>>> print(open('start-v6.txt').read())   # compact mmCIF, C-alpha atoms
# COMPACT_ATOMS: atom_id res chain seq x y z
CA MET P 1 -11.19 52.37 6.01
CA ARG P 2 -7.42 52.05 6.11
CA LEU P 3 -5.92 48.76 4.89
CA ILE P 4 -2.25 48.06 5.60
CA THR P 5 0.17 45.26 4.92
CA TRP P 6 3.67 45.22 6.32
CA ASN P 7 6.05 42.27 6.45
CA CYS P 8 7.73 43.22 9.71
CA CYS P 9 10.73 40.87 9.22
CA SER P 10 10.26 39.32 12.69
CA GLY P 11 12.54 40.81 15.37
CA PRO P 12 11.63 42.95 18.43
CA TRP P 13 7.85 43.06 18.27
CA PRO P 14 7.01 45.86 20.78
CA LYS P 15 8.99 48.45 18.80
CA LYS P 16 7.63 47.22 15.50
CA LEU P 17 4.07 47.24 16.81
CA GLU P 18 4.55 50.81 18.01
CA ALA P 19 5.66 51.88 14.53
CA LEU P 20 2.81 49.98 12.92
CA GLU P 21 0.18 51.45 15.22
CA SER P 22 1.39 54.96 14.32
CA LEU P 23 -0.09 54.30 10.86
CA GLU P 24 -3.56 53.87 12.42
CA GLY P 25 -4.70 50.99 10.25
CA ASP P 26 -8.23 49.67 10.54
CA LEU P 27 -7.22 46.30 9.13
CA THR P 28 -3.57 45.25 9.02
CA VAL P 29 -1.96 42.09 7.62
CA ILE P 30 1.48 41.39 9.10
CA PRO P 31 3.64 38.60 7.65
CA GLU P 32 6.58 37.40 9.77
CA CYS P 33 5.08 38.63 13.03
CA PRO P 34 5.18 36.76 16.35
CA ARG P 35 2.05 35.28 17.88
CA ILE P 36 -0.35 38.13 18.61
CA ARG P 37 -3.27 38.19 21.02
CA GLY P 38 -4.17 41.85 20.81
CA ALA P 39 -2.89 45.32 19.98
CA ARG P 40 -2.49 48.11 22.47
CA GLY P 41 -5.35 50.55 22.31
CA ALA P 42 -6.87 48.83 19.30
CA GLN P 43 -9.85 47.36 21.17
CA GLY P 44 -10.35 45.14 18.15
CA THR P 45 -9.70 41.53 17.26
CA THR P 46 -6.80 39.52 15.89
CA VAL P 47 -6.07 36.41 13.85
CA TRP P 48 -2.71 34.64 13.79
CA THR P 49 -1.42 31.46 12.22
CA GLY P 50 1.97 29.78 12.30
CA THR P 51 4.04 26.90 13.66
CA ASN P 52 6.84 29.11 14.96
CA PRO P 53 5.56 31.42 17.74
CA ARG P 54 8.16 33.98 16.69
CA LYS P 55 7.23 34.14 13.02
CA GLY P 56 3.76 33.70 11.54
CA LEU P 57 1.03 35.60 9.73
CA GLY P 58 -1.07 38.03 11.74
CA VAL P 59 -4.14 40.16 11.14
CA ILE P 60 -5.14 43.01 13.44
CA ALA P 61 -8.50 44.79 13.27
CA ARG P 62 -9.19 48.04 15.06
CA ALA P 63 -12.68 48.71 16.42
CA PRO P 64 -15.31 48.94 15.06
CA TRP P 65 -13.81 46.39 12.66
CA GLN P 66 -13.59 42.75 13.66
CA VAL P 67 -11.92 39.70 12.13
CA ARG P 68 -12.69 36.01 12.41
CA ARG P 69 -10.74 33.19 10.80
CA LEU P 70 -12.70 31.00 8.41
CA ARG P 71 -12.21 27.35 7.65
CA SER P 72 -9.58 26.99 4.93
CA PRO P 73 -10.54 25.18 1.73
CA ARG P 74 -8.49 22.17 0.73
CA GLN P 75 -5.29 22.82 -1.24
CA LEU P 76 -4.90 26.26 0.31
CA PRO P 77 -1.26 27.21 0.99
CA LYS P 78 -0.39 27.41 4.68
CA TYR P 79 0.00 31.18 4.77
CA VAL P 80 -3.05 32.19 2.78
CA VAL P 81 -5.68 32.68 5.46
CA PRO P 82 -9.38 33.37 4.75
CA VAL P 83 -10.79 35.86 7.24
CA ALA P 84 -14.31 37.22 7.68
CA VAL P 85 -14.23 40.99 8.23
CA SER P 86 -17.21 42.72 9.82
CA GLY P 87 -17.85 46.32 10.76
CA PRO P 88 -19.19 49.28 8.78
CA VAL P 89 -19.02 46.89 5.81
CA SER P 90 -18.47 43.14 5.67
CA PHE P 91 -16.18 41.32 3.26
CA LEU P 92 -13.80 38.41 2.80
CA LEU P 93 -10.11 39.00 3.42
CA LEU P 94 -7.42 36.68 2.12
CA ALA P 95 -4.36 37.45 4.23
CA ILE P 96 -1.24 36.44 2.30
CA TRP P 97 2.39 35.58 2.94
CA ALA P 98 3.59 33.76 -0.18
CA GLN P 99 6.50 31.41 0.45
CA LYS P 100 8.89 29.06 -1.33
CA ASP P 101 6.66 26.02 -1.11
CA PRO P 102 8.27 22.96 -2.76
CA VAL P 103 5.08 22.09 -4.66
CA ALA P 104 3.67 25.53 -5.51
CA PRO P 105 6.23 28.26 -4.75
CA TYR P 106 5.37 31.94 -4.47
CA VAL P 107 2.95 33.06 -7.19
CA ARG P 108 2.09 29.48 -8.17
CA GLY P 109 0.78 28.97 -4.64
CA LEU P 110 -1.35 32.09 -5.02
CA HIS P 111 -2.89 30.67 -8.19
CA ARG P 112 -3.76 27.57 -6.19
CA ALA P 113 -5.23 29.74 -3.43
CA VAL P 114 -7.43 31.75 -5.79
CA THR P 115 -8.70 28.56 -7.41
CA ALA P 116 -9.45 27.01 -4.01
CA CYS P 117 -11.25 30.16 -2.81
CA ARG P 118 -13.03 30.97 -6.06
CA GLY P 119 -16.46 30.10 -4.67
CA LEU P 120 -15.91 32.30 -1.61
CA ILE P 121 -14.66 35.19 -3.74
CA GLU P 122 -17.60 35.01 -6.13
CA ARG P 123 -20.12 35.17 -3.28
CA GLN P 124 -18.91 38.36 -1.58
CA PRO P 125 -16.68 41.44 -1.81
CA THR P 126 -13.10 40.27 -1.34
CA VAL P 127 -9.74 41.84 -0.50
CA LEU P 128 -6.37 40.13 -1.02
CA LEU P 129 -3.74 41.77 1.15
CA GLY P 130 -0.17 40.86 2.00
CA ASP P 131 3.28 39.84 0.82
CA PHE P 132 2.83 38.14 -2.57
CA ASN P 133 6.59 37.79 -3.20
CA SER P 134 5.87 38.22 -6.90
CA ASN P 135 6.02 40.71 -9.74
CA ALA P 136 5.53 40.65 -13.50
CA ILE P 137 9.28 41.09 -14.01
CA TRP P 138 9.64 37.43 -13.01
CA ASP P 139 6.94 36.08 -15.34
CA HIS P 140 9.59 34.22 -17.35
CA GLU P 141 10.42 32.08 -14.31
CA HIS P 142 6.95 30.51 -14.25
CA PRO P 143 4.62 28.76 -16.70
CA SER P 144 2.67 31.40 -18.59
CA ASP P 145 -0.60 30.36 -16.94
CA LEU P 146 0.94 30.50 -13.45
CA SER P 147 2.84 33.78 -13.67
CA HIS P 148 2.20 37.05 -11.86
CA SER P 149 0.58 38.57 -14.95
CA ALA P 150 -1.66 35.51 -15.24
CA LEU P 151 -2.64 35.97 -11.58
CA VAL P 152 -3.55 39.61 -12.23
CA ARG P 153 -5.74 38.50 -15.14
CA LYS P 154 -7.33 35.75 -13.03
CA LEU P 155 -8.16 38.21 -10.27
CA GLY P 156 -9.43 40.71 -12.84
CA ALA P 157 -11.85 38.10 -14.16
CA LEU P 158 -13.14 37.83 -10.58
CA GLY P 159 -13.65 41.59 -10.40
CA LEU P 160 -10.53 42.43 -8.35
CA VAL P 161 -7.90 45.08 -9.07
CA SER P 162 -4.65 46.15 -7.42
CA ALA P 163 -5.27 49.31 -5.40
CA TYR P 164 -1.76 50.64 -6.05
CA HIS P 165 -1.92 50.13 -9.80
CA SER P 166 -5.47 51.40 -10.12
CA ARG P 167 -4.76 54.55 -8.12
CA ASN P 168 -1.38 55.33 -9.72
CA LYS P 169 -2.19 54.23 -13.28
CA GLU P 170 0.92 52.09 -13.47
CA ALA P 171 1.36 48.73 -15.17
CA HIS P 172 2.41 45.62 -13.30
CA GLY P 173 6.15 45.28 -13.64
CA SER P 174 6.63 49.04 -14.11
CA GLU P 175 6.04 50.23 -10.55
CA THR P 176 7.78 53.45 -9.51
CA ARG P 177 7.39 52.84 -5.76
CA PRO P 178 9.00 49.71 -4.28
CA THR P 179 7.62 47.83 -1.29
CA PHE P 180 10.77 45.77 -0.69
CA TYR P 181 14.52 46.35 -0.68
CA LEU P 182 16.67 43.24 -0.96
CA TYR P 183 19.00 43.08 2.04
CA ARG P 184 17.54 46.54 2.85
CA HIS P 185 19.78 48.09 0.18
CA ALA P 186 18.29 51.19 -1.44
CA THR P 187 19.80 50.05 -4.74
CA ARG P 188 17.83 46.75 -4.76
CA PRO P 189 14.15 47.81 -4.93
CA TYR P 190 11.18 45.61 -5.85
CA HIS P 191 7.40 45.85 -5.68
CA ILE P 192 6.07 42.59 -4.18
CA ASP P 193 3.35 43.55 -1.65
CA TYR P 194 -0.21 44.11 -2.84
CA CYS P 195 -3.75 45.00 -1.94
CA PHE P 196 -6.37 43.75 -4.40
CA VAL P 197 -9.87 45.18 -3.89
CA PRO P 198 -13.19 44.86 -5.70
CA ALA P 199 -13.18 46.91 -8.90
CA ALA P 200 -16.29 48.66 -7.58
CA TRP P 201 -14.10 50.12 -4.82
CA ALA P 202 -11.51 51.59 -7.20
CA GLY P 203 -13.37 54.87 -7.57
CA ARG P 204 -13.42 55.24 -3.78
CA LEU P 205 -9.67 54.89 -3.27
CA ARG P 206 -8.52 58.06 -1.54
CA GLU P 207 -4.83 57.39 -0.99
CA VAL P 208 -2.39 54.58 -1.68
CA ASN P 209 0.96 55.17 0.01
CA ILE P 210 4.14 53.18 0.57
CA GLY P 211 6.57 53.86 3.39
CA GLY P 212 9.94 55.31 2.46
CA HIS P 213 13.27 53.51 2.69
CA THR P 214 14.83 56.11 4.99
CA GLU P 215 12.10 55.77 7.59
CA TRP P 216 11.36 52.04 7.46
CA ALA P 217 14.46 50.12 6.32
CA GLY P 218 15.79 50.11 9.88
CA ARG P 219 12.74 48.08 10.88
CA SER P 220 12.28 45.72 7.93
CA ASP P 221 13.27 44.98 4.35
CA HIS P 222 9.60 45.61 3.46
CA MET P 223 7.87 48.97 3.46
CA PRO P 224 4.25 49.29 4.65
CA LEU P 225 1.61 49.54 1.93
CA VAL P 226 -1.23 51.79 3.12
CA VAL P 227 -4.56 51.93 1.28
CA ASP P 228 -7.34 54.35 2.21
CA VAL P 229 -10.75 53.56 0.74
CA GLU P 230 -14.04 55.30 1.49
CA VAL P 231 -16.71 52.81 2.46
CA ALA P 232 -20.38 53.01 3.38
CA GLU P 233 -21.47 53.44 6.97
CA VAL P 234 -23.87 50.53 6.67
CA GLY P 235 -23.06 46.88 6.20
CA ASP P 236 -23.99 46.61 2.54
CA GLY P 237 -20.70 44.93 1.63
CA GLY P 238 -19.52 47.64 -0.73
CA PRO P 239 -18.22 51.18 -1.01
CA ALA P 240 -20.35 54.24 -0.49
>>> encode(input="start-v6.txt", output="structure tokens")
Amino acid sequence: MRLITWNCCSGPWPKKLEALESLEGDLTVIPECPRIRGARGAQGTTVWTGTNPRKGLGVIARAPWQVRRLRSPRQLPKYVVPVAVSGPVSFLLLAIWAQKDPVAPYVRGLHRAVTACRGLIERQPTVLLGDFNSNAIWDHEHPSDLSHSALVRKLGALGLVSAYHSRNKEAHGSETRPTFYLYRHATRPYHIDYCFVPAAWAGRLREVNIGGHTEWAGRSDHMPLVVDVEVAEVGDGGPA
């Protein structure tokens, strides 16, 4: 199964979709994308949410995978969307586009989301995928219990780990591969996009790749994060 997140930075969708589809994702979370109703050749399903038809949060599943939006718990930030994923395995997806909310900005909103969805997460395998807009280097800008590092610990207590960090044996805040370039400048790199998976899946991670600046900066200030994980061929909710 290939999991992808790419903040496409709005703009001309047909060209961006073409580039995205070249990555052949099975399940793709796309912050800042226009309203989507399907993907060419995907023969799968989609979920989209937003108030601006030109910029929202989309999820595309490629057959045999399917996605269905779930009812959002109370207190959930607008662009954290619970999605039921079915196919060779079934699990909960939290599609994420963290924003500068006046009450709970960025990572603080994600803490609120994890708390609101705790019951859902505890009942089933769960993946958090998207643009978190956070990193441990900014821990000092938040209360210690609402920082990025605190979020990593909170997710760890729920049995979830970052695919990138698990695969590459890197610490949060010390990433060597950025997912975002401020103003698309190669000299302003940050790692702010993540895929958290059940710890039981960590041993089945085959590849975790991030698109390069040269290839992708002309399309977006974010680079695609691509996670390949080997899963069972039956719907047992976990890896093979």
>>> residues_around(input="start-v6.txt", residues="P:Val152", least_positions_apart="3", cutoff="10 Å", atoms="only C-alpha atoms", output="list in words")
His111, Asn135, Ala136, Ser147, His148, Ser149, Leu155, Gly156, Ala157, Leu158, Leu160, Val161, Ser162, His172 and Phe196 of chain P
>>> atom_distance(input="start-v6.txt", atom1="atom CA of P:Asn209", atom2="atom CA of P:Val227")
6.5 Å
>>> closest_residue(input="start-v6.txt", among="P:Ile121, P:Ala186, P:Leu23, P:Val127", to="P:Ala163", atoms="only C-alpha atoms")
P:Val127
>>> atom_distance(input="start-v6.txt", atom1="atom CA of P:Ser90", atom2="atom CA of P:Val47")
16.3 Å
>>> atom_distance(input="start-v6.txt", atom1="atom CA of P:Ser166", atom2="atom CA of P:Pro31")
23.7 Å
>>> closest_residue(input="start-v6.txt", among="P:Leu151, P:Leu129, P:Leu57, P:Ile36", to="P:Leu94", atoms="only C-alpha atoms")
P:Leu129
>>> residues_near_point(input="start-v6.txt", point="(4.0, 33.6, 14.6)", cutoff="12 Å", atoms="all atoms listed in the file", output="PyMOL selection string")
chain P and resi 8-11+13+30-37+47-59+79+97
>>> write_last_selection(input="start-v6.txt", atoms="C-alpha atoms", output="PDB file, in the coordinates of the input")
ATOM      1  CA  CYS P   8       7.730  43.220   9.710  1.00  0.00           C
ATOM      2  CA  CYS P   9      10.730  40.870   9.220  1.00  0.00           C
ATOM      3  CA  SER P  10      10.260  39.320  12.690  1.00  0.00           C
ATOM      4  CA  GLY P  11      12.540  40.810  15.370  1.00  0.00           C
ATOM      5  CA  TRP P  13       7.850  43.060  18.270  1.00  0.00           C
ATOM      6  CA  ILE P  30       1.480  41.390   9.100  1.00  0.00           C
ATOM      7  CA  PRO P  31       3.640  38.600   7.650  1.00  0.00           C
ATOM      8  CA  GLU P  32       6.580  37.400   9.770  1.00  0.00           C
ATOM      9  CA  CYS P  33       5.080  38.630  13.030  1.00  0.00           C
ATOM     10  CA  PRO P  34       5.180  36.760  16.350  1.00  0.00           C
ATOM     11  CA  ARG P  35       2.050  35.280  17.880  1.00  0.00           C
ATOM     12  CA  ILE P  36      -0.350  38.130  18.610  1.00  0.00           C
ATOM     13  CA  ARG P  37      -3.270  38.190  21.020  1.00  0.00           C
ATOM     14  CA  VAL P  47      -6.070  36.410  13.850  1.00  0.00           C
ATOM     15  CA  TRP P  48      -2.710  34.640  13.790  1.00  0.00           C
ATOM     16  CA  THR P  49      -1.420  31.460  12.220  1.00  0.00           C
ATOM     17  CA  GLY P  50       1.970  29.780  12.300  1.00  0.00           C
ATOM     18  CA  THR P  51       4.040  26.900  13.660  1.00  0.00           C
ATOM     19  CA  ASN P  52       6.840  29.110  14.960  1.00  0.00           C
ATOM     20  CA  PRO P  53       5.560  31.420  17.740  1.00  0.00           C
ATOM     21  CA  ARG P  54       8.160  33.980  16.690  1.00  0.00           C
ATOM     22  CA  LYS P  55       7.230  34.140  13.020  1.00  0.00           C
ATOM     23  CA  GLY P  56       3.760  33.700  11.540  1.00  0.00           C
ATOM     24  CA  LEU P  57       1.030  35.600   9.730  1.00  0.00           C
ATOM     25  CA  GLY P  58      -1.070  38.030  11.740  1.00  0.00           C
ATOM     26  CA  VAL P  59      -4.140  40.160  11.140  1.00  0.00           C
ATOM     27  CA  TYR P  79       0.000  31.180   4.770  1.00  0.00           C
ATOM     28  CA  TRP P  97       2.390  35.580   2.940  1.00  0.00           C
TER      29      TRP P  97
END
>>> closest_residue(input="start-v6.txt", among="P:Pro64, P:Gly203, P:Gly25, P:Pro77", to="P:Val114", atoms="all atoms listed in the file")
P:Pro77
>>> residues_around(input="start-v6.txt", residues="P:Val80", least_positions_apart="6", cutoff="9 Å", atoms="only C-alpha atoms", output="VMD selection string")
chain P and resid 57 72 94 to 98 109 to 110 113
>>> closest_residue(input="start-v6.txt", among="P:Val226, P:Ala150, P:Val103, P:Leu92", to="P:Gln124", atoms="only C-alpha atoms")
P:Leu92
>>> closest_residue(input="start-v6.txt", among="P:Gly218, P:Asp193, P:Gly159, P:Arg184", to="P:Thr126", atoms="all atoms listed in the file")
P:Gly159
>>> axis_aligned_box(input="start-v6.txt", around="stretch 91-106 of chain P", padding_each_side="4 Å", output="AutoDock Vina command-line options")
--center_x -3.6 --center_y 31.7 --center_z -0.6 --size_x 33.1 --size_y 27.2 --size_z 17.7
>>> closest_residue(input="start-v6.txt", among="P:Arg69, P:Ile192, P:Val231, P:Ala84", to="P:Tyr106", atoms="all atoms listed in the file")
P:Ile192
>>> residues_around(input="start-v6.txt", residues="P:Asp228", least_positions_apart="4", cutoff="9 Å", atoms="only C-alpha atoms", output="PDB file with C-alpha atoms, in the frame of the given file")
ATOM      1  CA  MET P   1     -11.190  52.370   6.010  1.00  0.00           C
ATOM      2  CA  ARG P   2      -7.420  52.050   6.110  1.00  0.00           C
ATOM      3  CA  LEU P   3      -5.920  48.760   4.890  1.00  0.00           C
ATOM      4  CA  ILE P   4      -2.250  48.060   5.600  1.00  0.00           C
ATOM      5  CA  ARG P 204     -13.420  55.240  -3.780  1.00  0.00           C
ATOM      6  CA  LEU P 205      -9.670  54.890  -3.270  1.00  0.00           C
ATOM      7  CA  ARG P 206      -8.520  58.060  -1.540  1.00  0.00           C
ATOM      8  CA  GLU P 207      -4.830  57.390  -0.990  1.00  0.00           C
ATOM      9  CA  VAL P 208      -2.390  54.580  -1.680  1.00  0.00           C
ATOM     10  CA  ASN P 209       0.960  55.170   0.010  1.00  0.00           C
TER      11      ASN P 209
END
>>> residues_near_point(input="start-v6.txt", point="(-16.8, 42.3, 6.1)", cutoff="10 Å", atoms="only C-alpha atoms", output="ChimeraX atom specification")
/P:65-68,83-93,124-127,235-238
>>> build_atoms(input="start-v6.txt", residues="stretch 133-144 of chain P", atoms="all heavy atoms", output="PDB file, in the frame of the given file")
ATOM      1  N   ASN P 133       5.274  38.238  -2.730  1.00  0.00           N
ATOM      2  CA  ASN P 133       6.590  37.790  -3.200  1.00  0.00           C
ATOM      3  C   ASN P 133       6.589  37.552  -4.706  1.00  0.00           C
ATOM      4  O   ASN P 133       7.196  36.583  -5.194  1.00  0.00           O
ATOM      5  CB  ASN P 133       7.030  36.521  -2.454  1.00  0.00           C
ATOM      6  CG  ASN P 133       7.894  36.836  -1.242  1.00  0.00           C
ATOM      7  OD1 ASN P 133       8.828  37.622  -1.324  1.00  0.00           O
ATOM      8  ND2 ASN P 133       7.556  36.246  -0.109  1.00  0.00           N
ATOM      9  N   SER P 134       5.924  38.415  -5.455  1.00  0.00           N
ATOM     10  CA  SER P 134       5.870  38.220  -6.900  1.00  0.00           C
ATOM     11  C   SER P 134       5.756  39.553  -7.619  1.00  0.00           C
ATOM     12  O   SER P 134       5.362  40.566  -7.043  1.00  0.00           O
ATOM     13  CB  SER P 134       4.682  37.319  -7.288  1.00  0.00           C
ATOM     14  OG  SER P 134       3.451  37.985  -7.078  1.00  0.00           O
ATOM     15  N   ASN P 135       6.111  39.527  -8.886  1.00  0.00           N
ATOM     16  CA  ASN P 135       6.020  40.710  -9.740  1.00  0.00           C
ATOM     17  C   ASN P 135       6.095  40.232 -11.182  1.00  0.00           C
ATOM     18  O   ASN P 135       6.689  39.188 -11.479  1.00  0.00           O
ATOM     19  CB  ASN P 135       7.167  41.679  -9.430  1.00  0.00           C
ATOM     20  CG  ASN P 135       7.007  43.031 -10.124  1.00  0.00           C
ATOM     21  OD1 ASN P 135       7.208  43.143 -11.335  1.00  0.00           O
ATOM     22  ND2 ASN P 135       6.647  44.043  -9.359  1.00  0.00           N
ATOM     23  N   ALA P 136       5.534  41.028 -12.083  1.00  0.00           N
ATOM     24  CA  ALA P 136       5.530  40.650 -13.500  1.00  0.00           C
ATOM     25  C   ALA P 136       6.925  40.556 -14.090  1.00  0.00           C
ATOM     26  O   ALA P 136       7.113  39.888 -15.114  1.00  0.00           O
ATOM     27  CB  ALA P 136       4.693  41.659 -14.290  1.00  0.00           C
ATOM     28  N   ILE P 137       7.918  41.172 -13.464  1.00  0.00           N
ATOM     29  CA  ILE P 137       9.280  41.090 -14.010  1.00  0.00           C
ATOM     30  C   ILE P 137       9.838  39.672 -13.938  1.00  0.00           C
ATOM     31  O   ILE P 137      10.820  39.356 -14.605  1.00  0.00           O
ATOM     32  CB  ILE P 137      10.232  42.067 -13.279  1.00  0.00           C
ATOM     33  CG1 ILE P 137      10.344  41.720 -11.790  1.00  0.00           C
ATOM     34  CG2 ILE P 137       9.789  43.506 -13.486  1.00  0.00           C
ATOM     35  CD1 ILE P 137      11.375  42.558 -11.045  1.00  0.00           C
ATOM     36  N   TRP P 138       9.197  38.812 -13.124  1.00  0.00           N
ATOM     37  CA  TRP P 138       9.640  37.430 -13.010  1.00  0.00           C
ATOM     38  C   TRP P 138       8.704  36.451 -13.720  1.00  0.00           C
ATOM     39  O   TRP P 138       8.770  35.243 -13.480  1.00  0.00           O
ATOM     40  CB  TRP P 138       9.767  37.040 -11.536  1.00  0.00           C
ATOM     41  CG  TRP P 138      10.794  37.859 -10.806  1.00  0.00           C
ATOM     42  CD1 TRP P 138      12.097  38.048 -11.160  1.00  0.00           C
ATOM     43  CD2 TRP P 138      10.591  38.591  -9.591  1.00  0.00           C
ATOM     44  NE1 TRP P 138      12.720  38.868 -10.243  1.00  0.00           N
ATOM     45  CE2 TRP P 138      11.828  39.208  -9.269  1.00  0.00           C
ATOM     46  CE3 TRP P 138       9.502  38.787  -8.738  1.00  0.00           C
ATOM     47  CZ2 TRP P 138      11.986  40.018  -8.135  1.00  0.00           C
ATOM     48  CZ3 TRP P 138       9.660  39.589  -7.618  1.00  0.00           C
ATOM     49  CH2 TRP P 138      10.890  40.190  -7.326  1.00  0.00           C
ATOM     50  N   ASP P 139       7.867  36.960 -14.613  1.00  0.00           N
ATOM     51  CA  ASP P 139       6.940  36.080 -15.340  1.00  0.00           C
ATOM     52  C   ASP P 139       7.670  34.944 -16.046  1.00  0.00           C
ATOM     53  O   ASP P 139       7.165  33.816 -16.118  1.00  0.00           O
ATOM     54  CB  ASP P 139       6.145  36.875 -16.370  1.00  0.00           C
ATOM     55  CG  ASP P 139       4.958  37.621 -15.756  1.00  0.00           C
ATOM     56  OD1 ASP P 139       4.704  37.460 -14.544  1.00  0.00           O
ATOM     57  OD2 ASP P 139       4.296  38.365 -16.504  1.00  0.00           O
ATOM     58  N   HIS P 140       8.856  35.216 -16.561  1.00  0.00           N
ATOM     59  CA  HIS P 140       9.590  34.220 -17.350  1.00  0.00           C
ATOM     60  C   HIS P 140      10.045  33.020 -16.509  1.00  0.00           C
ATOM     61  O   HIS P 140      10.419  31.985 -17.071  1.00  0.00           O
ATOM     62  CB  HIS P 140      10.802  34.866 -18.009  1.00  0.00           C
ATOM     63  CG  HIS P 140      11.826  35.360 -17.026  1.00  0.00           C
ATOM     64  ND1 HIS P 140      11.676  36.551 -16.338  1.00  0.00           N
ATOM     65  CD2 HIS P 140      12.992  34.819 -16.594  1.00  0.00           C
ATOM     66  CE1 HIS P 140      12.722  36.745 -15.542  1.00  0.00           C
ATOM     67  NE2 HIS P 140      13.520  35.701 -15.668  1.00  0.00           N
ATOM     68  N   GLU P 141       9.988  33.157 -15.187  1.00  0.00           N
ATOM     69  CA  GLU P 141      10.420  32.080 -14.310  1.00  0.00           C
ATOM     70  C   GLU P 141       9.302  31.083 -14.006  1.00  0.00           C
ATOM     71  O   GLU P 141       9.533  30.103 -13.303  1.00  0.00           O
ATOM     72  CB  GLU P 141      10.965  32.653 -13.003  1.00  0.00           C
ATOM     73  CG  GLU P 141      12.190  33.544 -13.189  1.00  0.00           C
ATOM     74  CD  GLU P 141      12.725  34.085 -11.885  1.00  0.00           C
ATOM     75  OE1 GLU P 141      12.199  33.680 -10.813  1.00  0.00           O
ATOM     76  OE2 GLU P 141      13.649  34.909 -11.923  1.00  0.00           O
ATOM     77  N   HIS P 142       8.108  31.349 -14.543  1.00  0.00           N
ATOM     78  CA  HIS P 142       6.950  30.510 -14.250  1.00  0.00           C
ATOM     79  C   HIS P 142       6.234  30.146 -15.543  1.00  0.00           C
ATOM     80  O   HIS P 142       6.348  30.862 -16.545  1.00  0.00           O
ATOM     81  CB  HIS P 142       5.969  31.248 -13.324  1.00  0.00           C
ATOM     82  CG  HIS P 142       6.590  31.703 -12.041  1.00  0.00           C
ATOM     83  ND1 HIS P 142       6.744  30.875 -10.951  1.00  0.00           N
ATOM     84  CD2 HIS P 142       7.106  32.907 -11.668  1.00  0.00           C
ATOM     85  CE1 HIS P 142       7.317  31.540  -9.955  1.00  0.00           C
ATOM     86  NE2 HIS P 142       7.544  32.768 -10.360  1.00  0.00           N
ATOM     87  N   PRO P 143       5.476  29.042 -15.542  1.00  0.00           N
ATOM     88  CA  PRO P 143       4.620  28.760 -16.700  1.00  0.00           C
ATOM     89  C   PRO P 143       3.705  29.949 -16.974  1.00  0.00           C
ATOM     90  O   PRO P 143       3.282  30.643 -16.049  1.00  0.00           O
ATOM     91  CB  PRO P 143       3.821  27.531 -16.248  1.00  0.00           C
ATOM     92  CG  PRO P 143       4.680  26.890 -15.197  1.00  0.00           C
ATOM     93  CD  PRO P 143       5.359  28.019 -14.483  1.00  0.00           C
ATOM     94  N   SER P 144       3.413  30.190 -18.224  1.00  0.00           N
ATOM     95  CA  SER P 144       2.670  31.400 -18.590  1.00  0.00           C
ATOM     96  C   SER P 144       1.313  31.488 -17.902  1.00  0.00           C
ATOM     97  O   SER P 144       0.819  32.589 -17.635  1.00  0.00           O
ATOM     98  CB  SER P 144       2.477  31.452 -20.112  1.00  0.00           C
ATOM     99  OG  SER P 144       1.753  30.315 -20.568  1.00  0.00           O
TER     100      SER P 144
END
